[in-house]
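A.B. asks: Structure provided below as structure tokens; questions to follow.
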Amino acid sequence: MPLDMVIGAQWGDEGKGRMVDLFAEKASIVARFSGGDNAGHTVTVGSQIFKLHLVPSGLARAHTIGVLGNGVVINPNTLLKEIKILEDGGVSVPPERLRISPAAHLITPAHRALDAAQEKMRGKDSIGTTLRGIGPAYMDKTARHGIRAAEMLDEEAFTDRVKAHVEAANRMLTGVYHAEALDSQLVAAEYLEYARQLKPFIGDTVGLIAEALQAGETVLAEGAQGTLLDLDHGTYPFVTSSNPTAPGALTGLGVGPVWVNQVIGVAKAFQTRVGEGGFPTELEGEMAVRLRGTGENPWDEYGTTTGRPRRVGWLDLVLLRYAMRVNGFTHLALTKMDILSGLDSIKLCVGYQREGVSYQDLPLGVYQMELYQPVYEELPGWVEDIQSARVWQDLPVACQNYVRRIEEVVGVRVGWISVGPEREQMVRLVDLE
Ligand code: IMP
């Protein structure tokens, strides 16, 4: 049963790239199943550093085929740019190495304009989207008038569709949002050019994945965003418009659950969030700066896609256990553990309280979570630098206790702990097939 998944267990930016990198080694296909170019990951191959948003980061490995599944929304401009970035960096991306589902939807400049206009209209209730047009593209999908990748195969009909789509969006932009209209002719001509270039990449991704699985090959579903940003299971309405969870991987690729092998939940050793929405364990002041970093280092907590400083806080185990339930993780990977070194003590949110009543799990999932107060346990910190740790015994006892407490409350084993920015700075606790 060789479908592995790497899933964000928090609000995204958990450092999933690390685990994708590890699991991509044995995978023949690495597939994105949700979201679009709102994601962001930095991939290092040899001396090359690639900043990617849309293509599966596993594509940077020469032996893998990248798939953009039916659940993904594709900005063709971003996609072509990323193919060029990879090729300029010596990674060849011919059509047989990157397959686009005919059922994936396209993002257009009209979606981006609508995203901006809707955010502006929300005013103080804005979501803090990445302004990549994600929400409006999924709105068109569910309204059943979105433009799908397969439509690029018929140039004439595609041009008419794009034109009509922009004109329809213009009526919304000008009539409802008092924003500027786009030139539909210009957008249609731009998209015709994209269609000509992307046509060869469109293929039967469901069949490709099914055949690989039947042949015993490993397929890796590469998650973007995180569980708490899931449209159904996240902190609605402050979520993205897709399902970045394990169940979403099945729908977003067209694969049955029988093939699932490992579901790796990736969580930071503390909590971060970009954009608006509840964050019960959020910190401010000195400790926030300490966890976030100042922005000087590439691993400091600033958004890869938008550059926004991330909100930071203590690890919330109630939310992590919730993510465990939604996804059915087989293991957790904890990232950025080294950032906690040197703290006198570390807090863990192990429950909530409301009007004198204690809760181990929030009664309605994450609904109205802001009405509850986090209950903390305070654990001793450690002073040792753990960046050179590679096995469990290398970790200070206080760090081991921190990990054990997380496992206990969440109810799942931790399989990996990252202890530094480099690929090899990882404590491996399991060796999986
Ligand atoms: P959208 O996906 O651009 O519509 O943004 C919706 C929410 O999801 C906002 O709070 C974004 O900051 C957040 N978001 C979207 N993609 C990511 C990501 O890759 N990492 C972290 N947050 C994200």
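All residue names refer to the structure tokens as shown: chains lettered A, B, ... in order, residues numbered from 1 in each chain, ligands numbered from 1 in order.
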Mind listing the residues within 6 Å of ligand 1, only C-alpha atoms and all ligand atoms counted, as a PDB file with all heavy atoms, in the first residue's frame?
C.D. replies:
ATOM      1  N   TRP A  11      -1.208  25.580  10.936  1.00  0.00           N
ATOM      2  CA  TRP A  11      -1.727  26.586   9.990  1.00  0.00           C
ATOM      3  C   TRP A  11      -0.804  26.772   8.791  1.00  0.00           C
ATOM      4  O   TRP A  11      -0.682  27.883   8.278  1.00  0.00           O
ATOM      5  CB  TRP A  11      -1.914  27.918  10.717  1.00  0.00           C
ATOM      6  CG  TRP A  11      -3.177  28.024  11.523  1.00  0.00           C
ATOM      7  CD1 TRP A  11      -4.458  28.028  11.039  1.00  0.00           C
ATOM      8  CD2 TRP A  11      -3.284  28.183  12.937  1.00  0.00           C
ATOM      9  NE1 TRP A  11      -5.345  28.169  12.081  1.00  0.00           N
ATOM     10  CE2 TRP A  11      -4.663  28.276  13.247  1.00  0.00           C
ATOM     11  CE3 TRP A  11      -2.356  28.260  13.979  1.00  0.00           C
ATOM     12  CZ2 TRP A  11      -5.131  28.432  14.557  1.00  0.00           C
ATOM     13  CZ3 TRP A  11      -2.821  28.420  15.272  1.00  0.00           C
ATOM     14  CH2 TRP A  11      -4.200  28.499  15.553  1.00  0.00           C
ATOM     15  N   GLY A  12      -0.150  25.722   8.358  1.00  0.00           N
ATOM     16  CA  GLY A  12       0.780  25.850   7.242  1.00  0.00           C
ATOM     17  C   GLY A  12       2.156  26.285   7.718  1.00  0.00           C
ATOM     18  O   GLY A  12       2.352  26.563   8.914  1.00  0.00           O
ATOM     19  N   ASP A  13       3.118  26.268   6.804  1.00  0.00           N
ATOM     20  CA  ASP A  13       4.499  26.685   7.099  1.00  0.00           C
ATOM     21  C   ASP A  13       5.145  25.837   8.186  1.00  0.00           C
ATOM     22  O   ASP A  13       5.981  26.329   8.954  1.00  0.00           O
ATOM     23  CB  ASP A  13       4.556  28.171   7.516  1.00  0.00           C
ATOM     24  CG  ASP A  13       3.865  29.067   6.522  1.00  0.00           C
ATOM     25  OD1 ASP A  13       4.097  28.877   5.325  1.00  0.00           O
ATOM     26  OD2 ASP A  13       3.087  29.942   6.948  1.00  0.00           O
ATOM     27  N   ASN A  38      -0.440  29.783  -3.621  1.00  0.00           N
ATOM     28  CA  ASN A  38      -0.442  30.410  -2.289  1.00  0.00           C
ATOM     29  C   ASN A  38       0.584  29.750  -1.364  1.00  0.00           C
ATOM     30  O   ASN A  38       0.944  30.291  -0.329  1.00  0.00           O
ATOM     31  CB  ASN A  38      -1.841  30.361  -1.642  1.00  0.00           C
ATOM     32  CG  ASN A  38      -2.506  28.994  -1.731  1.00  0.00           C
ATOM     33  OD1 ASN A  38      -2.054  28.126  -2.457  1.00  0.00           O
ATOM     34  ND2 ASN A  38      -3.578  28.805  -0.982  1.00  0.00           N
ATOM     35  N   ALA A  39       1.031  28.550  -1.723  1.00  0.00           N
ATOM     36  CA  ALA A  39       2.032  27.843  -0.917  1.00  0.00           C
ATOM     37  C   ALA A  39       3.422  28.417  -1.215  1.00  0.00           C
ATOM     38  O   ALA A  39       3.581  29.186  -2.151  1.00  0.00           O
ATOM     39  CB  ALA A  39       2.003  26.360  -1.254  1.00  0.00           C
ATOM     40  N   GLY A  40       4.385  28.030  -0.420  1.00  0.00           N
ATOM     41  CA  GLY A  40       5.742  28.484  -0.695  1.00  0.00           C
ATOM     42  C   GLY A  40       6.744  27.547  -0.065  1.00  0.00           C
ATOM     43  O   GLY A  40       6.616  27.208   1.097  1.00  0.00           O
ATOM     44  N   ILE A 127      -9.600  38.323   5.633  1.00  0.00           N
ATOM     45  CA  ILE A 127      -9.031  37.009   5.970  1.00  0.00           C
ATOM     46  C   ILE A 127      -7.504  37.070   5.995  1.00  0.00           C
ATOM     47  O   ILE A 127      -6.847  36.291   6.655  1.00  0.00           O
ATOM     48  CB  ILE A 127      -9.516  35.969   4.928  1.00  0.00           C
ATOM     49  CG1 ILE A 127     -11.035  35.790   5.050  1.00  0.00           C
ATOM     50  CG2 ILE A 127      -8.817  34.616   5.091  1.00  0.00           C
ATOM     51  CD1 ILE A 127     -11.670  35.043   3.899  1.00  0.00           C
ATOM     52  N   GLY A 128      -6.972  38.053   5.267  1.00  0.00           N
ATOM     53  CA  GLY A 128      -5.510  38.103   5.116  1.00  0.00           C
ATOM     54  C   GLY A 128      -5.060  37.060   4.118  1.00  0.00           C
ATOM     55  O   GLY A 128      -4.104  36.328   4.357  1.00  0.00           O
ATOM     56  N   THR A 129      -5.762  36.954   2.985  1.00  0.00           N
ATOM     57  CA  THR A 129      -5.387  35.943   1.980  1.00  0.00           C
ATOM     58  C   THR A 129      -4.039  36.294   1.358  1.00  0.00           C
ATOM     59  O   THR A 129      -3.529  37.414   1.539  1.00  0.00           O
ATOM     60  CB  THR A 129      -6.428  35.841   0.842  1.00  0.00           C
ATOM     61  OG1 THR A 129      -6.291  36.979  -0.009  1.00  0.00           O
ATOM     62  CG2 THR A 129      -7.854  35.752   1.376  1.00  0.00           C
ATOM     63  N   THR A 130      -3.529  35.380   0.585  1.00  0.00           N
ATOM     64  CA  THR A 130      -2.254  35.637  -0.099  1.00  0.00           C
ATOM     65  C   THR A 130      -2.473  36.451  -1.381  1.00  0.00           C
ATOM     66  O   THR A 130      -1.514  36.738  -2.083  1.00  0.00           O
ATOM     67  CB  THR A 130      -1.570  34.305  -0.469  1.00  0.00           C
ATOM     68  OG1 THR A 130      -2.445  33.581  -1.340  1.00  0.00           O
ATOM     69  CG2 THR A 130      -1.271  33.462   0.760  1.00  0.00           C
ATOM     70  N   LEU A 131      -3.719  36.769  -1.693  1.00  0.00           N
ATOM     71  CA  LEU A 131      -4.109  37.547  -2.889  1.00  0.00           C
ATOM     72  C   LEU A 131      -3.708  36.848  -4.185  1.00  0.00           C
ATOM     73  O   LEU A 131      -3.471  37.498  -5.201  1.00  0.00           O
ATOM     74  CB  LEU A 131      -3.513  38.972  -2.826  1.00  0.00           C
ATOM     75  CG  LEU A 131      -3.915  39.800  -1.610  1.00  0.00           C
ATOM     76  CD1 LEU A 131      -3.201  41.157  -1.608  1.00  0.00           C
ATOM     77  CD2 LEU A 131      -5.430  40.029  -1.556  1.00  0.00           C
ATOM     78  N   ARG A 132      -3.632  35.534  -4.153  1.00  0.00           N
ATOM     79  CA  ARG A 132      -3.262  34.776  -5.358  1.00  0.00           C
ATOM     80  C   ARG A 132      -4.486  34.324  -6.162  1.00  0.00           C
ATOM     81  O   ARG A 132      -4.367  33.541  -7.094  1.00  0.00           O
ATOM     82  CB  ARG A 132      -2.422  33.546  -4.983  1.00  0.00           C
ATOM     83  CG  ARG A 132      -1.093  33.839  -4.329  1.00  0.00           C
ATOM     84  CD  ARG A 132      -0.170  34.585  -5.300  1.00  0.00           C
ATOM     85  NE  ARG A 132       1.182  34.704  -4.781  1.00  0.00           N
ATOM     86  CZ  ARG A 132       1.614  35.682  -3.999  1.00  0.00           C
ATOM     87  NH1 ARG A 132       0.793  36.658  -3.634  1.00  0.00           N
ATOM     88  NH2 ARG A 132       2.859  35.711  -3.598  1.00  0.00           N
ATOM     89  N   ILE A 134      -6.929  32.438  -5.081  1.00  0.00           N
ATOM     90  CA  ILE A 134      -7.285  31.059  -4.717  1.00  0.00           C
ATOM     91  C   ILE A 134      -8.803  30.930  -4.450  1.00  0.00           C
ATOM     92  O   ILE A 134      -9.466  30.085  -5.039  1.00  0.00           O
ATOM     93  CB  ILE A 134      -6.492  30.608  -3.460  1.00  0.00           C
ATOM     94  CG1 ILE A 134      -4.978  30.804  -3.670  1.00  0.00           C
ATOM     95  CG2 ILE A 134      -6.846  29.180  -3.060  1.00  0.00           C
ATOM     96  CD1 ILE A 134      -4.342  29.955  -4.714  1.00  0.00           C
ATOM     97  N   GLY A 135      -9.312  31.764  -3.536  1.00  0.00           N
ATOM     98  CA  GLY A 135     -10.722  31.671  -3.166  1.00  0.00           C
ATOM     99  C   GLY A 135     -11.648  31.818  -4.369  1.00  0.00           C
ATOM    100  O   GLY A 135     -12.491  30.953  -4.638  1.00  0.00           O
ATOM    101  N   ALA A 224       0.124  21.058   0.968  1.00  0.00           N
ATOM    102  CA  ALA A 224       0.435  22.489   1.069  1.00  0.00           C
ATOM    103  C   ALA A 224      -0.492  23.041   2.150  1.00  0.00           C
ATOM    104  O   ALA A 224      -1.448  22.375   2.544  1.00  0.00           O
ATOM    105  CB  ALA A 224       0.172  23.177  -0.257  1.00  0.00           C
ATOM    106  N   GLN A 225      -0.222  24.207   2.661  1.00  0.00           N
ATOM    107  CA  GLN A 225      -1.018  24.776   3.774  1.00  0.00           C
ATOM    108  C   GLN A 225      -1.092  23.772   4.937  1.00  0.00           C
ATOM    109  O   GLN A 225      -0.203  22.959   5.062  1.00  0.00           O
ATOM    110  CB  GLN A 225      -2.414  25.189   3.305  1.00  0.00           C
ATOM    111  CG  GLN A 225      -2.450  26.422   2.414  1.00  0.00           C
ATOM    112  CD  GLN A 225      -2.217  26.131   0.950  1.00  0.00           C
ATOM    113  OE1 GLN A 225      -2.779  25.206   0.406  1.00  0.00           O
ATOM    114  NE2 GLN A 225      -1.382  26.915   0.311  1.00  0.00           N
ATOM    115  N   LEU A 229      -6.169  25.241   8.227  1.00  0.00           N
ATOM    116  CA  LEU A 229      -6.589  26.113   7.127  1.00  0.00           C
ATOM    117  C   LEU A 229      -7.550  25.382   6.197  1.00  0.00           C
ATOM    118  O   LEU A 229      -7.956  25.903   5.157  1.00  0.00           O
ATOM    119  CB  LEU A 229      -5.370  26.597   6.328  1.00  0.00           C
ATOM    120  CG  LEU A 229      -4.447  27.599   7.013  1.00  0.00           C
ATOM    121  CD1 LEU A 229      -3.201  27.861   6.153  1.00  0.00           C
ATOM    122  CD2 LEU A 229      -5.158  28.913   7.294  1.00  0.00           C
ATOM    123  N   PHE A 238     -11.496  31.816   8.520  1.00  0.00           N
ATOM    124  CA  PHE A 238     -10.096  32.199   8.302  1.00  0.00           C
ATOM    125  C   PHE A 238      -9.306  30.981   7.834  1.00  0.00           C
ATOM    126  O   PHE A 238      -8.436  30.476   8.558  1.00  0.00           O
ATOM    127  CB  PHE A 238      -9.508  32.829   9.568  1.00  0.00           C
ATOM    128  CG  PHE A 238     -10.271  34.051   9.985  1.00  0.00           C
ATOM    129  CD1 PHE A 238     -11.218  34.000  10.993  1.00  0.00           C
ATOM    130  CD2 PHE A 238     -10.074  35.256   9.325  1.00  0.00           C
ATOM    131  CE1 PHE A 238     -11.942  35.120  11.357  1.00  0.00           C
ATOM    132  CE2 PHE A 238     -10.793  36.388   9.674  1.00  0.00           C
ATOM    133  CZ  PHE A 238     -11.730  36.328  10.686  1.00  0.00           C
ATOM    134  N   VAL A 239      -9.667  30.516   6.662  1.00  0.00           N
ATOM    135  CA  VAL A 239      -9.099  29.292   6.103  1.00  0.00           C
ATOM    136  C   VAL A 239      -8.792  29.539   4.637  1.00  0.00           C
ATOM    137  O   VAL A 239      -9.136  30.582   4.089  1.00  0.00           O
ATOM    138  CB  VAL A 239     -10.113  28.125   6.219  1.00  0.00           C
ATOM    139  CG1 VAL A 239     -10.324  27.737   7.671  1.00  0.00           C
ATOM    140  CG2 VAL A 239     -11.450  28.486   5.561  1.00  0.00           C
ATOM    141  N   THR A 240      -8.194  28.554   3.994  1.00  0.00           N
ATOM    142  CA  THR A 240      -8.052  28.624   2.548  1.00  0.00           C
ATOM    143  C   THR A 240      -9.272  27.935   1.949  1.00  0.00           C
ATOM    144  O   THR A 240     -10.141  27.437   2.678  1.00  0.00           O
ATOM    145  CB  THR A 240      -6.703  28.024   2.094  1.00  0.00           C
ATOM    146  OG1 THR A 240      -6.514  28.356   0.714  1.00  0.00           O
ATOM    147  CG2 THR A 240      -6.640  26.518   2.294  1.00  0.00           C
ATOM    148  N   VAL A 274       0.048  32.779   9.655  1.00  0.00           N
ATOM    149  CA  VAL A 274       0.014  34.042   8.898  1.00  0.00           C
ATOM    150  C   VAL A 274      -1.433  34.315   8.534  1.00  0.00           C
ATOM    151  O   VAL A 274      -2.211  33.402   8.370  1.00  0.00           O
ATOM    152  CB  VAL A 274       0.852  34.045   7.593  1.00  0.00           C
ATOM    153  CG1 VAL A 274       2.282  34.398   7.849  1.00  0.00           C
ATOM    154  CG2 VAL A 274       0.740  32.753   6.835  1.00  0.00           C
ATOM    155  N   GLY A 275      -1.768  35.563   8.382  1.00  0.00           N
ATOM    156  CA  GLY A 275      -3.155  35.909   8.089  1.00  0.00           C
ATOM    157  C   GLY A 275      -3.936  36.041   9.380  1.00  0.00           C
ATOM    158  O   GLY A 275      -3.404  35.861  10.482  1.00  0.00           O
ATOM    159  N   GLU A 276      -5.219  36.356   9.211  1.00  0.00           N
ATOM    160  CA  GLU A 276      -6.059  36.631  10.389  1.00  0.00           C
ATOM    161  C   GLU A 276      -6.650  35.341  10.941  1.00  0.00           C
ATOM    162  O   GLU A 276      -6.467  34.276  10.396  1.00  0.00           O
ATOM    163  CB  GLU A 276      -7.179  37.592   9.987  1.00  0.00           C
ATOM    164  CG  GLU A 276      -6.702  38.909   9.387  1.00  0.00           C
ATOM    165  CD  GLU A 276      -5.716  39.636  10.282  1.00  0.00           C
ATOM    166  OE1 GLU A 276      -5.947  39.677  11.512  1.00  0.00           O
ATOM    167  OE2 GLU A 276      -4.707  40.157   9.775  1.00  0.00           O
TER     168      GLU A 276
END
A.B. asks: If we count only C-alpha atoms and set the cut-off at 8 Å, which residues sit around region 153-155 of chain A, ignoring sequence neighbours fewer than 6 positions away in its own chain? Please answer as a PyMOL selection string.
C.D. replies: chain A and resi 192+195-196+199
A.B. asks: Please report the interatomic distance between CA of His63 (chain A) and CA of Val30 (chain A) in Å with one decimal.
C.D. replies: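 Computed distance, CA of His63 (chain A) to CA of Val30 (chain A), equals 10.2 Å.
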A.B. asks: Which residues come within 9 Å of Val410 (chain A), counting only C-alpha atoms, excluding same-chain residues fewer than 3 positions away, as a ChimeraX atom specification?
C.D. replies: /A:317-318,320-322,324,405-407,413
A.B. asks: List the neighbours of Gly293 (chain A) out to 10 Å using only C-alpha atoms; skip same-chain residues closer than 6 positions along the sequence, and give me the result as a ChimeraX atom specification.
C.D. replies: /A:287,299-302,309-310,339
A.B. asks: For Val72 (chain A), which residue among A:Glu217, A:Asp232, A:Glu156, A:Glu222 is the nearest when counting only C-alpha atoms?
C.D. replies: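 Among the listed residues, the smallest separation from Val72 (chain A) belongs to A:Glu222.
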A.B. asks: DSSP on the backbone, helix (DSSP H, G or I) only: what residues of region 12-106 of chain A does that give? Format it as a PyMOL selection string.
C.D. replies: chain A and resi 16-24+57-60+76-88+95-97
A.B. asks: Would you write out those residues with N, CA and C atoms, as a PDB file, in the first residue's frame?
C.D. replies:
ATOM      1  N   LYS A  16       7.112  21.374   5.893  1.00  0.00           N
ATOM      2  CA  LYS A  16       6.776  20.100   5.248  1.00  0.00           C
ATOM      3  C   LYS A  16       7.825  19.697   4.211  1.00  0.00           C
ATOM      4  N   GLY A  17       8.471  20.717   3.608  1.00  0.00           N
ATOM      5  CA  GLY A  17       9.456  20.466   2.561  1.00  0.00           C
ATOM      6  C   GLY A  17      10.514  19.464   3.000  1.00  0.00           C
ATOM      7  N   ARG A  18      10.907  19.556   4.238  1.00  0.00           N
ATOM      8  CA  ARG A  18      11.893  18.648   4.818  1.00  0.00           C
ATOM      9  C   ARG A  18      11.470  17.190   4.684  1.00  0.00           C
ATOM     10  N   MET A  19      10.226  16.933   5.077  1.00  0.00           N
ATOM     11  CA  MET A  19       9.708  15.570   5.064  1.00  0.00           C
ATOM     12  C   MET A  19       9.418  15.112   3.640  1.00  0.00           C
ATOM     13  N   VAL A  20       8.984  16.064   2.814  1.00  0.00           N
ATOM     14  CA  VAL A  20       8.749  15.727   1.408  1.00  0.00           C
ATOM     15  C   VAL A  20      10.069  15.268   0.799  1.00  0.00           C
ATOM     16  N   ASP A  21      11.104  15.992   1.118  1.00  0.00           N
ATOM     17  CA  ASP A  21      12.427  15.691   0.614  1.00  0.00           C
ATOM     18  C   ASP A  21      12.837  14.260   0.990  1.00  0.00           C
ATOM     19  N   LEU A  22      12.591  13.933   2.238  1.00  0.00           N
ATOM     20  CA  LEU A  22      12.951  12.616   2.755  1.00  0.00           C
ATOM     21  C   LEU A  22      12.154  11.508   2.066  1.00  0.00           C
ATOM     22  N   PHE A  23      10.852  11.735   1.950  1.00  0.00           N
ATOM     23  CA  PHE A  23       9.971  10.703   1.393  1.00  0.00           C
ATOM     24  C   PHE A  23      10.046  10.633  -0.131  1.00  0.00           C
ATOM     25  N   ALA A  24      10.399  11.760  -0.767  1.00  0.00           N
ATOM     26  CA  ALA A  24      10.473  11.785  -2.235  1.00  0.00           C
ATOM     27  C   ALA A  24      11.583  10.869  -2.740  1.00  0.00           C
ATOM     28  N   SER A  57       7.372  20.187  -4.774  1.00  0.00           N
ATOM     29  CA  SER A  57       8.804  20.447  -4.548  1.00  0.00           C
ATOM     30  C   SER A  57       9.626  19.203  -4.863  1.00  0.00           C
ATOM     31  N   GLY A  58       8.991  18.027  -4.795  1.00  0.00           N
ATOM     32  CA  GLY A  58       9.692  16.782  -5.130  1.00  0.00           C
ATOM     33  C   GLY A  58      10.164  16.747  -6.578  1.00  0.00           C
ATOM     34  N   LEU A  59       9.613  17.609  -7.425  1.00  0.00           N
ATOM     35  CA  LEU A  59       9.983  17.640  -8.841  1.00  0.00           C
ATOM     36  C   LEU A  59      11.448  18.019  -9.037  1.00  0.00           C
ATOM     37  N   ALA A  60      11.991  18.710  -8.035  1.00  0.00           N
ATOM     38  CA  ALA A  60      13.388  19.117  -8.136  1.00  0.00           C
ATOM     39  C   ALA A  60      14.323  17.899  -8.111  1.00  0.00           C
ATOM     40  N   PRO A  76      -1.328  29.589 -14.637  1.00  0.00           N
ATOM     41  CA  PRO A  76      -0.413  29.136 -15.688  1.00  0.00           C
ATOM     42  C   PRO A  76       0.844  29.988 -15.777  1.00  0.00           C
ATOM     43  N   ASN A  77       0.713  31.263 -15.441  1.00  0.00           N
ATOM     44  CA  ASN A  77       1.866  32.154 -15.484  1.00  0.00           C
ATOM     45  C   ASN A  77       2.920  31.695 -14.463  1.00  0.00           C
ATOM     46  N   THR A  78       2.455  31.407 -13.226  1.00  0.00           N
ATOM     47  CA  THR A  78       3.370  30.915 -12.185  1.00  0.00           C
ATOM     48  C   THR A  78       3.980  29.583 -12.611  1.00  0.00           C
ATOM     49  N   LEU A  79       3.144  28.720 -13.160  1.00  0.00           N
ATOM     50  CA  LEU A  79       3.626  27.390 -13.527  1.00  0.00           C
ATOM     51  C   LEU A  79       4.744  27.481 -14.562  1.00  0.00           C
ATOM     52  N   LEU A  80       4.528  28.278 -15.597  1.00  0.00           N
ATOM     53  CA  LEU A  80       5.555  28.391 -16.637  1.00  0.00           C
ATOM     54  C   LEU A  80       6.830  29.033 -16.085  1.00  0.00           C
ATOM     55  N   LYS A  81       6.650  29.989 -15.178  1.00  0.00           N
ATOM     56  CA  LYS A  81       7.836  30.624 -14.556  1.00  0.00           C
ATOM     57  C   LYS A  81       8.633  29.590 -13.760  1.00  0.00           C
ATOM     58  N   GLU A  82       7.918  28.740 -13.016  1.00  0.00           N
ATOM     59  CA  GLU A  82       8.615  27.754 -12.175  1.00  0.00           C
ATOM     60  C   GLU A  82       9.302  26.681 -13.029  1.00  0.00           C
ATOM     61  N   ILE A  83       8.677  26.316 -14.139  1.00  0.00           N
ATOM     62  CA  ILE A  83       9.330  25.353 -15.033  1.00  0.00           C
ATOM     63  C   ILE A  83      10.648  25.969 -15.523  1.00  0.00           C
ATOM     64  N   LYS A  84      10.585  27.263 -15.845  1.00  0.00           N
ATOM     65  CA  LYS A  84      11.794  27.951 -16.346  1.00  0.00           C
ATOM     66  C   LYS A  84      12.864  28.039 -15.250  1.00  0.00           C
ATOM     67  N   ILE A  85      12.428  28.370 -14.027  1.00  0.00           N
ATOM     68  CA  ILE A  85      13.377  28.468 -12.905  1.00  0.00           C
ATOM     69  C   ILE A  85      14.113  27.134 -12.738  1.00  0.00           C
ATOM     70  N   LEU A  86      13.348  26.037 -12.784  1.00  0.00           N
ATOM     71  CA  LEU A  86      13.949  24.717 -12.610  1.00  0.00           C
ATOM     72  C   LEU A  86      14.906  24.416 -13.765  1.00  0.00           C
ATOM     73  N   GLU A  87      14.454  24.697 -14.983  1.00  0.00           N
ATOM     74  CA  GLU A  87      15.302  24.389 -16.146  1.00  0.00           C
ATOM     75  C   GLU A  87      16.569  25.239 -16.138  1.00  0.00           C
ATOM     76  N   ASP A  88      16.428  26.510 -15.779  1.00  0.00           N
ATOM     77  CA  ASP A  88      17.616  27.383 -15.694  1.00  0.00           C
ATOM     78  C   ASP A  88      18.585  26.868 -14.633  1.00  0.00           C
ATOM     79  N   PRO A  95       7.492  17.567 -20.619  1.00  0.00           N
ATOM     80  CA  PRO A  95       6.106  17.222 -20.280  1.00  0.00           C
ATOM     81  C   PRO A  95       5.958  15.850 -19.624  1.00  0.00           C
ATOM     82  N   GLU A  96       6.815  14.906 -19.964  1.00  0.00           N
ATOM     83  CA  GLU A  96       6.656  13.581 -19.329  1.00  0.00           C
ATOM     84  C   GLU A  96       7.057  13.582 -17.849  1.00  0.00           C
ATOM     85  N   ARG A  97       7.673  14.672 -17.380  1.00  0.00           N
ATOM     86  CA  ARG A  97       8.050  14.754 -15.953  1.00  0.00           C
ATOM     87  C   ARG A  97       7.064  15.576 -15.135  1.00  0.00           C
TER      88      ARG A  97
END
A.B. asks: Would you kindly return, as a CSV table (one decimal) with C-alpha atoms, in the first residue's frame, each protein, DNA or RNA residue with an atom no farther than 12 Å from any atom of Arg325 (chain A), considering only C-alpha atoms and excluding same-chain residues fewer than 6 positions away?
C.D. replies:
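Output file out_19.csv is given in full below:
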chain,number,residue,atom,x,y,z
A,9,ALA,CA,-0.8,19.7,11.1
A,227,THR,CA,-5.1,21.2,8.7
A,233,HIS,CA,-12.0,21.3,9.2
A,245,THR,CA,-5.8,17.4,4.8
A,246,ALA,CA,-5.3,13.6,4.3
A,247,PRO,CA,-8.9,13.1,3.1
A,263,VAL,CA,0.3,9.8,6.8
A,265,GLY,CA,1.7,15.0,10.1
A,318,VAL,CA,-5.5,20.4,21.7
A,319,LEU,CA,-5.4,21.6,18.2
A,361,ASP,CA,-10.9,18.7,23.5
A,365,GLY,CA,-14.0,21.2,17.0
A,410,VAL,CA,-1.7,13.8,21.0
A,411,GLY,CA,-1.7,10.0,20.9
A,412,VAL,CA,0.8,9.4,18.2
